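Asks: What follows is the file target-v8.tsv, containing TSV, C-alpha atoms:
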chain	number	residue	atom	x	y	z
A	196	MET	CA	112.78	140.08	107.03
A	197	SER	CA	110.95	142.68	109.08
A	198	SER	CA	112.35	144.77	111.87
A	199	GLU	CA	110.52	142.66	114.42
A	200	THR	CA	111.92	139.40	113.13
A	201	ASP	CA	115.40	140.93	112.92
A	202	TYR	CA	115.15	142.12	116.49
A	203	ALA	CA	113.72	138.82	117.69
A	204	ARG	CA	116.59	136.90	116.12
A	205	ILE	CA	119.22	139.25	117.58
A	206	LEU	CA	117.58	139.03	120.99
A	207	ALA	CA	117.28	135.25	120.98
A	208	ASN	CA	120.89	134.83	119.88
A	209	LYS	CA	122.03	137.13	122.64
A	210	VAL	CA	119.98	135.32	125.28
A	211	LEU	CA	121.27	131.95	124.14
A	212	SER	CA	124.82	133.20	124.46
A	213	ASP	CA	124.03	134.60	127.91
A	214	LEU	CA	122.84	131.23	129.20
A	215	GLY	CA	126.46	130.20	129.58
A	216	ASP	CA	128.40	126.99	129.94
A	217	GLY	CA	126.45	123.79	130.27
A	218	ALA	CA	123.28	125.16	128.77
A	219	PRO	CA	121.55	123.27	125.95
A	220	ASP	CA	123.40	123.63	122.64
A	221	TRP	CA	120.63	125.64	121.11
A	222	GLU	CA	120.66	127.88	118.08
A	223	VAL	CA	118.00	130.05	116.55
A	224	GLU	CA	116.37	128.14	113.74
A	225	SER	CA	113.97	130.83	112.59
A	226	ALA	CA	112.17	133.98	113.56
A	227	ARG	CA	109.00	134.47	111.56
A	228	TYR	CA	105.47	135.66	112.01
A	229	GLU	CA	102.83	133.17	113.06
A	230	ASP	CA	100.65	131.90	110.29
A	231	SER	CA	97.66	134.15	109.90
A	232	GLU	CA	95.51	131.09	110.45
A	233	SER	CA	96.73	130.88	113.99
A	234	GLU	CA	95.41	134.30	114.75
A	235	ASN	CA	92.93	134.18	117.59
A	236	ILE	CA	89.99	136.45	117.89
A	237	VAL	CA	87.94	135.78	120.96
A	238	PHE	CA	85.86	138.00	123.17
A	239	GLY	CA	85.91	140.45	120.30
A	240	LEU	CA	89.58	141.14	121.02
A	241	THR	CA	92.02	140.94	118.18
A	242	HIS	CA	95.35	139.26	118.41
A	243	GLU	CA	97.74	140.17	115.67
A	244	PRO	CA	100.28	137.56	114.59
A	245	GLN	CA	103.46	137.69	116.64
A	246	VAL	CA	106.98	136.62	115.80
A	247	LEU	CA	107.57	132.97	116.61
A	248	ILE	CA	111.19	132.27	117.47
A	249	THR	CA	112.07	128.60	117.05
A	250	ILE	CA	115.20	127.24	118.65
A	251	ARG	CA	116.77	123.89	117.92
A	252	SER	CA	119.53	121.80	119.39
A	253	VAL	CA	122.69	121.66	117.30
A	254	SER	CA	123.43	118.10	118.43
A	255	GLY	CA	119.82	117.01	118.53
A	256	LYS	CA	120.26	116.08	122.17
A	257	TYR	CA	117.79	118.64	123.42
A	258	GLU	CA	114.21	119.45	122.56
A	259	SER	CA	113.43	122.19	120.11
A	260	VAL	CA	111.66	125.05	121.84
A	261	ALA	CA	109.99	128.30	120.88
A	262	ALA	CA	109.07	131.71	122.18
A	263	TYR	CA	107.06	134.64	120.89
A	264	PHE	CA	108.02	138.25	120.41
A	265	THR	CA	106.10	141.40	119.64
A	266	GLU	CA	106.91	145.06	120.09
A	267	ASP	CA	103.24	145.81	120.69
A	268	GLY	CA	102.88	144.47	124.21
A	269	SER	CA	103.00	146.52	127.39
A	270	SER	CA	106.40	147.88	126.41
A	271	LEU	CA	109.37	146.90	124.30
A	272	ALA	CA	111.47	146.48	127.43
A	273	HIS	CA	108.98	144.08	128.98
A	274	SER	CA	108.62	142.09	125.77
A	275	THR	CA	112.39	141.84	125.52
A	276	ALA	CA	112.74	140.65	129.11
A	277	ALA	CA	109.87	138.22	128.61
A	278	VAL	CA	111.65	136.55	125.69
A	279	ALA	CA	114.75	136.15	127.84
A	280	ASP	CA	112.64	134.70	130.63
A	281	ALA	CA	110.94	132.29	128.24
A	282	ILE	CA	114.19	130.97	126.81
A	283	GLN	CA	115.67	130.66	130.28
A	284	ASP	CA	112.59	128.74	131.41
A	285	HIS	CA	113.02	126.32	128.53
A	286	ALA	CA	116.71	125.83	129.38
A	287	VAL	CA	116.03	125.11	133.04
A	288	GLU	CA	113.38	122.60	132.06
A	289	GLU	CA	115.84	120.83	129.79
A	290	ILE	CA	118.55	120.77	132.44
A	291	PRO	CA	116.90	121.08	135.86
A	292	GLY	CA	118.96	123.00	138.34
A	293	GLY	CA	121.03	124.69	135.65
A	294	LEU	CA	122.23	128.20	136.40
A	295	PHE	CA	121.38	129.73	133.06
A	296	PRO	CA	122.67	132.38	133.22
A	297	PRO	CA	124.47	132.25	136.54
A	298	CYS	CA	124.17	134.98	139.11
A	299	PRO	CA	127.87	135.48	139.94
A	300	GLY	CA	128.78	134.22	143.37
A	301	HIS	CA	125.32	132.91	144.07
A	302	GLY	CA	124.01	129.41	143.64
A	303	HIS	CA	121.06	130.45	141.56
A	304	PRO	CA	120.45	131.81	138.11
A	305	ALA	CA	120.00	135.46	137.27
A	306	VAL	CA	116.48	136.43	136.24
A	307	ALA	CA	115.22	138.67	133.48
A	308	ASP	CA	113.58	141.89	134.60
A	309	VAL	CA	113.12	145.50	133.57
A	310	VAL	CA	115.27	147.93	135.53
A	311	ALA	CA	114.75	151.63	134.95
A	312	GLY	CA	113.15	150.83	131.64
A	313	VAL	CA	115.95	148.58	130.44
A	314	PRO	CA	115.68	144.77	130.07
A	315	THR	CA	118.27	143.41	132.47
A	316	TRP	CA	119.55	140.21	134.02
A	317	VAL	CA	119.44	140.70	137.78
A	318	CYS	CA	120.06	138.67	140.92
A	319	MET	CA	117.07	136.56	141.87
A	320	THR	CA	117.15	137.61	145.52
A	321	GLN	CA	118.97	140.92	145.76
A	322	ARG	CA	117.91	142.18	142.36
A	323	GLU	CA	119.96	144.88	140.66
A	324	ARG	CA	121.54	145.94	143.95
A	325	TYR	CA	123.79	142.89	143.68
A	326	TYR	CA	124.01	142.14	139.99
A	327	SER	CA	122.75	143.58	136.76
A	328	ARG	CA	123.65	143.11	133.14
A	329	GLU	CA	121.87	144.44	130.10
A	330	ILE	CA	120.11	141.75	128.12
A	331	LEU	CA	120.62	143.76	124.95
A	332	PRO	CA	123.65	146.06	125.09
A	333	GLY	CA	122.72	149.55	124.04
A	334	PHE	CA	119.03	149.25	124.81
A	335	GLU	CA	117.75	152.53	126.18
A	336	ALA	CA	114.71	153.16	128.32
A	337	ARG	CA	113.30	155.52	125.71
A	338	PHE	CA	113.01	152.77	123.13
A	339	THR	CA	109.44	151.84	122.30
A	340	LYS	CA	109.97	150.32	118.87
A	341	VAL	CA	112.49	147.81	117.64
A	342	ASP	CA	113.68	150.16	114.90
A	343	GLN	CA	115.14	152.45	117.53
A	344	TYR	CA	117.35	149.67	118.80
A	345	LEU	CA	118.20	148.35	115.37
A	346	GLU	CA	119.16	151.80	114.15
A	347	LEU	CA	121.39	152.36	117.12
A	348	SER	CA	122.95	148.92	116.91
A	349	ARG	CA	123.71	149.38	113.23
A	350	HIS	CA	125.68	152.53	113.89
A	351	GLN	CA	127.03	152.20	117.38
A	352	ARG	CA	126.63	148.89	119.04
A	353	PRO	CA	126.66	146.01	116.58
A	354	TRP	CA	125.54	142.64	117.82
A	355	PRO	CA	126.89	140.08	117.51
A	356	PRO	CA	130.25	141.79	117.75
A	357	ALA	CA	132.60	141.34	114.84
A	358	SER	CA	134.84	138.35	115.33
B	180	MET	CA	82.38	113.27	112.95
B	181	LYS	CA	84.36	111.65	115.71
B	182	LEU	CA	86.89	114.41	115.55
B	183	HIS	CA	84.25	117.09	115.83
B	184	SER	CA	82.54	115.39	118.73
B	185	LEU	CA	85.67	115.13	120.78
B	186	ILE	CA	86.62	118.74	120.34
B	187	VAL	CA	83.21	120.03	121.32
B	188	THR	CA	83.02	117.75	124.32
B	189	LEU	CA	86.30	118.91	125.69
B	190	ILE	CA	85.62	122.58	125.25
B	191	LEU	CA	82.23	122.42	126.86
B	192	ALA	CA	83.47	120.34	129.73
B	193	MET	CA	86.19	122.83	130.50
B	194	GLY	CA	83.94	125.80	130.15
B	195	ALA	CA	81.41	124.30	132.48
B	196	THR	CA	83.59	125.18	135.43
B	197	SER	CA	82.48	128.76	135.17
B	198	SER	CA	79.02	127.85	136.33
B	199	PRO	CA	78.16	128.85	139.89
B	200	GLY	CA	77.48	125.27	140.87
B	201	GLN	CA	80.96	124.23	139.93
B	202	VAL	CA	82.41	127.15	141.83
B	203	GLU	CA	80.61	126.10	144.99
B	204	ARG	CA	81.70	122.53	144.63
B	205	THR	CA	85.38	123.19	144.31
B	206	ASP	CA	87.79	124.93	146.63
B	207	TYR	CA	87.72	128.31	145.01
B	208	THR	CA	88.68	131.48	146.72
B	209	ALA	CA	87.56	133.53	143.77
B	210	ARG	CA	84.09	134.91	143.81
B	211	PRO	CA	81.74	133.59	141.16
B	212	SER	CA	80.55	136.41	139.01
B	213	PRO	CA	76.99	137.43	139.81
B	214	THR	CA	75.96	137.71	136.22
B	215	ASN	CA	77.37	134.32	135.47
B	216	ALA	CA	74.47	132.83	137.34
B	217	ASN	CA	72.13	133.69	134.52
B	218	GLY	CA	74.51	132.65	131.83
B	219	GLY	CA	76.11	135.96	131.15
B	220	SER	CA	79.42	137.49	132.00
B	221	PRO	CA	80.16	140.66	133.92
B	222	ASN	CA	82.73	141.85	131.45
B	223	GLY	CA	80.48	142.20	128.48
B	224	HIS	CA	81.66	138.93	127.02
B	225	ASP	CA	78.29	137.32	126.84
B	226	SER	CA	78.22	134.45	124.47
B	227	THR	CA	76.13	136.45	122.05
B	228	GLU	CA	78.87	139.06	121.91
B	229	VAL	CA	81.75	136.71	121.39
B	230	ALA	CA	83.24	137.31	117.98
B	231	VAL	CA	85.24	134.33	116.90
B	232	ARG	CA	86.91	133.92	113.56
B	233	ALA	CA	89.20	131.13	114.61
B	234	THR	CA	87.49	127.81	114.13
B	235	ARG	CA	89.08	126.43	117.25
B	236	VAL	CA	86.86	128.42	119.59
B	237	PRO	CA	83.11	128.13	119.07
B	238	ALA	CA	81.14	131.28	119.69
B	239	ASN	CA	79.39	129.76	122.68
B	240	THR	CA	82.54	128.71	124.47
B	241	PRO	CA	82.01	129.33	128.17
B	242	THR	CA	84.96	130.83	130.01
B	243	PHE	CA	86.30	131.24	133.50
B	244	VAL	CA	85.61	134.56	135.19
B	245	ASP	CA	87.51	135.42	138.35
B	246	THR	CA	88.26	138.34	140.57
B	247	LEU	CA	91.68	138.10	142.18
B	248	THR	CA	93.20	140.21	144.90
B	249	CYS	CA	96.91	140.56	145.64
B	250	GLY	CA	98.34	137.23	146.76
B	251	GLN	CA	95.19	135.32	145.95
B	252	GLU	CA	95.35	131.96	144.26
B	253	VAL	CA	92.54	129.94	142.75
B	254	THR	CA	92.40	126.37	141.60
B	255	LYS	CA	89.79	125.45	139.06
B	256	ASP	CA	89.05	121.81	138.43
B	257	ASP	CA	86.13	120.71	136.33
B	258	GLY	CA	86.74	117.07	137.11
B	259	ALA	CA	86.92	116.24	133.44
B	260	THR	CA	89.52	118.05	131.41
B	261	GLY	CA	92.08	119.48	133.77
B	262	THR	CA	93.06	121.81	136.56
B	263	LEU	CA	93.89	125.46	136.13
B	264	ASN	CA	95.78	127.37	138.81
B	265	LEU	CA	95.91	131.15	138.83
B	266	ARG	CA	97.89	133.27	141.26
B	267	PHE	CA	98.01	137.06	141.42
B	268	VAL	CA	101.45	138.11	142.63
B	269	CYS	CA	101.99	141.70	143.77
B	270	MET	CA	105.60	142.67	144.36
B	271	GLY	CA	106.26	146.32	144.88
B	272	GLY	CA	104.44	147.47	141.83
B	273	LYS	CA	105.67	144.59	139.70
B	274	ASN	CA	102.54	142.54	139.46
B	275	SER	CA	102.01	139.34	137.55
B	276	ILE	CA	99.67	136.41	137.21
B	277	ASN	CA	101.22	132.96	137.38
B	278	TRP	CA	99.19	130.23	135.77
B	279	GLY	CA	99.53	126.48	135.44
B	280	PHE	CA	97.37	123.89	133.76
B	281	THR	CA	97.48	120.13	134.14
B	282	LEU	CA	95.46	117.69	132.08
B	283	SER	CA	93.05	115.55	134.06
B	284	PRO	CA	93.88	111.91	134.80
B	285	GLN	CA	91.05	110.85	132.50
B	286	LEU	CA	92.42	112.88	129.63
B	287	LYS	CA	95.98	111.75	130.23
B	288	ALA	CA	94.78	108.17	130.20
B	289	SER	CA	93.31	108.68	126.76
B	290	ILE	CA	96.68	109.73	125.38
B	291	THR	CA	99.08	106.86	125.03
B	292	PRO	CA	102.82	107.54	125.19
B	293	GLU	CA	103.31	106.90	121.50
B	294	LYS	CA	100.84	109.70	120.80
B	295	GLU	CA	102.83	112.22	122.80
B	296	PRO	CA	103.71	115.00	122.90
B	297	VAL	CA	100.84	117.30	123.67
B	298	THR	CA	101.05	120.67	121.95
B	299	GLU	CA	100.24	123.91	123.73
B	300	ASP	CA	99.96	127.01	121.54
B	301	GLY	CA	101.14	129.42	124.22
B	302	MET	CA	98.86	131.56	126.32
B	303	ALA	CA	97.55	134.59	124.47
B	304	TRP	CA	96.33	137.38	126.70
B	305	TRP	CA	94.91	140.86	126.66
B	306	ARG	CA	95.42	143.65	129.16
B	307	ASN	CA	92.37	145.90	129.27
B	308	GLY	CA	91.62	144.72	125.77
B	309	ARG	CA	95.10	145.26	124.40
B	310	SER	CA	96.96	142.29	123.01
B	311	GLN	CA	100.11	141.28	124.90
B	312	LEU	CA	103.11	139.12	124.21
B	313	LYS	CA	102.04	135.48	124.16
B	314	ASN	CA	103.60	133.01	126.53
B	315	SER	CA	105.84	130.37	125.00
B	316	PRO	CA	104.37	127.37	123.22
B	317	HIS	CA	105.28	123.91	124.49
B	318	ARG	CA	105.39	120.38	123.18
B	319	ARG	CA	105.49	118.18	126.20
B	320	ALA	CA	104.24	114.93	127.70
B	321	SER	CA	100.64	114.85	128.85
B	322	THR	CA	101.86	114.77	132.44
B	323	TYR	CA	103.51	118.16	132.07
B	324	GLN	CA	102.19	121.17	133.90
B	325	PHE	CA	101.81	123.82	131.25
B	326	HIS	CA	102.56	127.15	132.80
B	327	GLY	CA	103.37	130.76	132.22
B	328	ASN	CA	103.37	134.25	133.54
B	329	LEU	CA	101.20	137.17	132.54
B	330	ALA	CA	103.16	140.32	133.24
B	331	PRO	CA	103.12	143.18	133.76
B	332	VAL	CA	99.60	143.59	135.04
B	333	GLY	CA	98.05	146.24	137.26
B	334	ILE	CA	95.42	146.45	139.95
B	335	GLY	CA	92.08	147.46	138.53
B	336	GLU	CA	92.80	145.90	135.18
B	337	GLN	CA	90.90	143.26	133.28
B	338	ILE	CA	92.94	140.39	131.89
B	339	ASP	CA	91.57	138.06	129.24
B	340	TYR	CA	93.42	134.88	128.38
B	341	LEU	CA	93.19	132.10	125.84
B	342	ASP	CA	95.23	128.99	125.19
B	343	ASN	CA	94.77	125.87	123.10
B	344	ILE	CA	96.12	122.44	123.86
B	345	SER	CA	95.95	119.78	121.18
B	346	PHE	CA	96.69	116.08	121.31
B	347	THR	CA	95.98	112.73	119.73
B	348	THR	CA	94.18	110.00	121.61
B	349	HIS	CA	95.11	106.33	121.67
B	350	ASP	CA	92.42	105.59	119.10
B	351	GLY	CA	93.72	108.22	116.73
B	352	ARG	CA	91.29	111.04	117.37
B	353	HIS	CA	92.46	114.62	117.54
B	354	GLY	CA	91.52	116.58	120.63
B	355	ASN	CA	91.67	120.31	121.15
B	356	LEU	CA	91.21	121.80	124.58
B	357	THR	CA	90.63	125.52	125.02
B	358	VAL	CA	91.49	127.26	128.26
B	359	ALA	CA	90.06	130.76	128.31
B	360	GLY	CA	88.78	133.24	130.79
B	361	THR	CA	88.74	136.70	132.30
B	362	ILE	CA	90.37	137.97	135.47
B	363	HIS	CA	89.53	141.17	137.27
B	364	LEU	CA	92.42	142.36	139.43
B	365	ARG	CA	91.66	144.06	142.75
B	366	PRO	CA	93.86	145.37	145.59
Could the structure of this file be written out as structure tokens, please?
Replies:
Amino acid sequence: MSSETDYARILANKVLSDLGDGAPDWEVESARYEDSESENIVFGLTHEPQVLITIRSVSGKYESVAAYFTEDGSSLAHSTAAVADAIQDHAVEEIPGGLFPPCPGHGHPAVADVVAGVPTWVCMTQRERYYSREILPGFEARFTKVDQYLELSRHQRPWPPAS
Amino acid sequence: MKLHSLIVTLILAMGATSSPGQVERTDYTARPSPTNANGGSPNGHDSTEVAVRATRVPANTPTFVDTLTCGQEVTKDDGATGTLNLRFVCMGGKNSINWGFTLSPQLKASITPEKEPVTEDGMAWWRNGRSQLKNSPHRRASTYQFHGNLAPVGIGEQIDYLDNISFTTHDGRHGNLTVAGTIHLRP
């Protein structure tokens, strides 16, 4: 297990729990790097393998879905929010009209965004002025690499919390 | 041999939309690139310069080249393989490119329901040459509109994108469709 796969698994588990009641009964099946054969090099631009997060339905009722993660995109915060957005998109496609996760008091879902450098669920219309919740508790705007979050979470903010 | 023929046909058909003639024929709001008229590309991605290790993308694969301004949307339809929509959304400094791709009726007709689903790798993209987080992969019916979001992006940047869609036809052949191109973002 690498730091990126660890982080991707933690993130996906957290997002799945955030989706809330009525969401597909998904669980993280695996978080692993793409096969090197799937690496694309076109236009002379390299594309390093990214972590492929696969998610399956516990009951088998829902489609299995997937999302990618890398810490080497525009920023770690944006990559983190993008994974949340991707999983949410899958959930809404499985159950159209689902509020996953709900924006409290509003008839629409919250959306994943980056607020002050932190990946955050915010209100779709009124943004963080109305509602905001960290996608990954403890994530700080200064984080650029997953190890920074993992180190912090190991010592201060474990996720998932001990039952 | 059949397999090879189908793959090449699809890729070339899709890529052909980058020719100026195709741009004139369809309802594009994007400007055709001037250097595309003589077979080149304004971004230095001439076919002779394309370095491809992956077998899925031949070195001579033509690509879309567009310039988009804030709020601009383009629809690209080659009449053979599918329709690609691109929209440049500018929202208070949070800019993104929404994209959607739908297989053509002809292609959908060649895929019988028992051969579903169609597999989309997930859009890979580069921001000024730097690799970004890929969009999610999908396994969906051929009628599905594959879609995603390239974000964050900035005005003045060059965005390159590449996706692969694979499927099996009713007569058992494997098809692989490549959607690739370059976008220049302007105010």
Asks: Mind giving me the straight-line distance from CA of Arg318 (chain B) to CA of Asp257 (chain B) in Å, one decimal?
Replies: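 Separating CA of Arg318 (chain B) from CA of Asp257 (chain B) is a distance of 23.3 Å.
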Asks: Find the residues around Thr315 (chain A) up to 10 Å (all atoms listed in the file counted), leave out those fewer than 6 positions away in its own chain, and share them as a PyMOL selection string.
Replies: chain A and resi 272-273+275-276+279+305-309+322-323+326-332+334
Asks: Dump C-alpha atoms for the selected residues as a PDB file, in the frame of the given file?
Replies:
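Saved the output as again_5.pdb:
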ATOM      1  CA  ALA A 272     111.470 146.480 127.430  1.00  0.00           C
ATOM      2  CA  HIS A 273     108.980 144.080 128.980  1.00  0.00           C
ATOM      3  CA  THR A 275     112.390 141.840 125.520  1.00  0.00           C
ATOM      4  CA  ALA A 276     112.740 140.650 129.110  1.00  0.00           C
ATOM      5  CA  ALA A 279     114.750 136.150 127.840  1.00  0.00           C
ATOM      6  CA  ALA A 305     120.000 135.460 137.270  1.00  0.00           C
ATOM      7  CA  VAL A 306     116.480 136.430 136.240  1.00  0.00           C
ATOM      8  CA  ALA A 307     115.220 138.670 133.480  1.00  0.00           C
ATOM      9  CA  ASP A 308     113.580 141.890 134.600  1.00  0.00           C
ATOM     10  CA  VAL A 309     113.120 145.500 133.570  1.00  0.00           C
ATOM     11  CA  ARG A 322     117.910 142.180 142.360  1.00  0.00           C
ATOM     12  CA  GLU A 323     119.960 144.880 140.660  1.00  0.00           C
ATOM     13  CA  TYR A 326     124.010 142.140 139.990  1.00  0.00           C
ATOM     14  CA  SER A 327     122.750 143.580 136.760  1.00  0.00           C
ATOM     15  CA  ARG A 328     123.650 143.110 133.140  1.00  0.00           C
ATOM     16  CA  GLU A 329     121.870 144.440 130.100  1.00  0.00           C
ATOM     17  CA  ILE A 330     120.110 141.750 128.120  1.00  0.00           C
ATOM     18  CA  LEU A 331     120.620 143.760 124.950  1.00  0.00           C
ATOM     19  CA  PRO A 332     123.650 146.060 125.090  1.00  0.00           C
ATOM     20  CA  PHE A 334     119.030 149.250 124.810  1.00  0.00           C
TER      21      PHE A 334
END
Asks: Would you work out the distance separating CA of Trp304 (chain B) from CA of Gly335 (chain B), expressed in Å to one decimal?
Replies: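 Computing the Euclidean distance for CA of Trp304 (chain B) and CA of Gly335 (chain B) yields 16.1 Å.
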Asks: Do you have, as a Markdown table, the list of residues of chain A lying at most 12 Å from chain B, each with its nearest atom pair and that distance in Å to one decimal, counting all atoms listed in the file and ordered by chain then number?
Replies:
| residue | atom | partner | partner_atom | distance |
| --- | --- | --- | --- | --- |
| A:Glu229 | CA | B:Asp300 | CA | 10.9 |
| A:Ser231 | CA | B:Ala233 | CA | 10.1 |
| A:Glu232 | CA | B:Ala233 | CA | 7.6 |
| A:Ser233 | CA | B:Ala233 | CA | 7.6 |
| A:Glu234 | CA | B:Ala233 | CA | 7.0 |
| A:Asn235 | CA | B:Ala233 | CA | 5.7 |
| A:Ile236 | CA | B:Val231 | CA | 5.3 |
| A:Val237 | CA | B:Val231 | CA | 5.1 |
| A:Phe238 | CA | B:Val229 | CA | 4.7 |
| A:Gly239 | CA | B:Ala230 | CA | 4.7 |
| A:Leu240 | CA | B:Gly308 | CA | 6.3 |
| A:Thr241 | CA | B:Ser310 | CA | 7.0 |
| A:His242 | CA | B:Ser310 | CA | 5.7 |
| A:Glu243 | CA | B:Ser310 | CA | 7.7 |
| A:Pro244 | CA | B:Lys313 | CA | 10.0 |
| A:Gln245 | CA | B:Leu312 | CA | 7.7 |
| A:Val246 | CA | B:Leu312 | CA | 9.6 |
| A:Leu247 | CA | B:Ser315 | CA | 9.0 |
| A:Ile248 | CA | B:Ser315 | CA | 9.4 |
| A:Thr249 | CA | B:Pro316 | CA | 9.9 |
| A:Ile250 | CA | B:Ser315 | CA | 11.7 |
| A:Glu258 | CA | B:Arg318 | CA | 8.9 |
| A:Ser259 | CA | B:Arg318 | CA | 8.8 |
| A:Val260 | CA | B:His317 | CA | 7.0 |
| A:Ala261 | CA | B:Pro316 | CA | 6.2 |
| A:Ala262 | CA | B:Ser315 | CA | 4.5 |
| A:Tyr263 | CA | B:Lys313 | CA | 6.0 |
| A:Phe264 | CA | B:Leu312 | CA | 6.3 |
| A:Thr265 | CA | B:Leu312 | CA | 5.9 |
| A:Glu266 | CA | B:Leu312 | CA | 8.2 |
| A:Asp267 | CA | B:Gln311 | CA | 6.9 |
| A:Gly268 | CA | B:Gln311 | CA | 4.3 |
| A:Ser269 | CA | B:Gln311 | CA | 6.5 |
| A:Ser270 | CA | B:Gln311 | CA | 9.2 |
| A:Leu271 | CA | B:Leu312 | CA | 10.0 |
| A:Ala272 | CA | B:Pro331 | CA | 11.0 |
| A:His273 | CA | B:Pro331 | CA | 7.6 |
| A:Ser274 | CA | B:Leu312 | CA | 6.5 |
| A:Thr275 | CA | B:Leu312 | CA | 9.8 |
| A:Ala276 | CA | B:Ala330 | CA | 10.4 |
| A:Ala277 | CA | B:Leu312 | CA | 8.1 |
| A:Val278 | CA | B:Ser315 | CA | 8.5 |
| A:Ala279 | CA | B:Ser315 | CA | 11.0 |
| A:Asp280 | CA | B:Asn328 | CA | 9.7 |
| A:Ala281 | CA | B:Ser315 | CA | 6.3 |
| A:Ile282 | CA | B:Ser315 | CA | 8.6 |
| A:Gln283 | CA | B:Ser315 | CA | 11.2 |
| A:Asp284 | CA | B:Ser315 | CA | 9.5 |
| A:His285 | CA | B:Ser315 | CA | 9.0 |
| A:Glu288 | CA | B:Arg319 | CA | 10.8 |
| A:Glu289 | CA | B:Arg319 | CA | 11.3 |
| A:Asp308 | CA | B:Lys273 | CA | 9.8 |
| A:Val309 | CA | B:Lys273 | CA | 9.7 |
| A:Val310 | CA | B:Lys273 | CA | 11.0 |
Asks: Residues at most 8 Å from His303 (chain A), counting all atoms listed in the file, excluding those fewer than 4 positions away in the same chain, as a PyMOL selection string?
Replies: chain A and resi 294+297-298+319
Asks: So the first atom is CA of Glu295 (chain B) and the second is CA of Thr322 (chain B); what is the distance between them in Å, to one decimal place?
Replies: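 If I compute the distance from CA of Glu295 (chain B) to CA of Thr322 (chain B), I get 10.0 Å.
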Asks: Quick one: residues within 9 Å of Glu335 (chain A), all atoms listed in the file, excluding same-chain residues fewer than 3 positions away - as a list in words?
Replies: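 Skipping anything fewer than 3 positions along the chain leaves Ala272, Gly312, Val313, Pro314, Pro332, Phe338 and Tyr344 of chain A.
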Asks: Give the answer as one residue: which of A:Phe295, A:Gly333, A:Ser197, A:Ala311 has the shortest atom-to-atom distance to Ser348 (chain A), using only C-alpha atoms?
Replies: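 Of A:Phe295, A:Gly333, A:Ser197, A:Ala311, the one nearest Ser348 (chain A) is A:Gly333, counting only C-alpha atoms.
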Asks: Give me the residues near region 264-272 of chain B as a VMD selection string, where near means some atom within 6 Å (using all atoms listed in the file) and where sequence neighbours in that chain fewer than 2 positions away do not count.
Replies: chain B and resid 249 to 254 274 to 279
Asks: Since the input is missing atoms, can you rebuild N, CA and C atoms for region 286-297 of chain B and write them as a tab-separated table (two decimals), in the frame of the given file?
Replies:
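Writing the result to result.tsv gives the following:
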chain	number	residue	atom	x	y	z
B	286	LEU	N	91.92	112.46	130.93
B	286	LEU	CA	92.42	112.88	129.63
B	286	LEU	C	93.80	112.29	129.37
B	287	LYS	N	94.63	112.31	130.39
B	287	LYS	CA	95.98	111.75	130.23
B	287	LYS	C	95.90	110.26	129.88
B	288	ALA	N	94.93	109.60	130.47
B	288	ALA	CA	94.78	108.17	130.20
B	288	ALA	C	94.38	107.88	128.76
B	289	SER	N	93.76	108.88	128.14
B	289	SER	CA	93.31	108.68	126.76
B	289	SER	C	94.43	108.92	125.76
B	290	ILE	N	95.55	109.43	126.26
B	290	ILE	CA	96.68	109.73	125.38
B	290	ILE	C	97.79	108.74	125.69
B	291	THR	N	98.04	107.85	124.79
B	291	THR	CA	99.08	106.86	125.03
B	291	THR	C	100.45	107.47	124.74
B	292	PRO	N	101.49	106.94	125.35
B	292	PRO	CA	102.82	107.54	125.19
B	292	PRO	C	103.25	107.71	123.74
B	293	GLU	N	102.87	106.77	122.90
B	293	GLU	CA	103.31	106.90	121.50
B	293	GLU	C	102.59	108.04	120.78
B	294	LYS	N	101.54	108.57	121.41
B	294	LYS	CA	100.84	109.70	120.80
B	294	LYS	C	101.32	111.03	121.36
B	295	GLU	N	102.27	110.99	122.26
B	295	GLU	CA	102.83	112.22	122.80
B	295	GLU	C	103.70	112.87	121.71
B	296	PRO	N	104.06	114.13	121.80
B	296	PRO	CA	103.71	115.00	122.90
B	296	PRO	C	102.39	115.72	122.68
B	297	VAL	N	101.99	116.40	123.72
B	297	VAL	CA	100.84	117.30	123.67
B	297	VAL	C	101.37	118.67	123.25
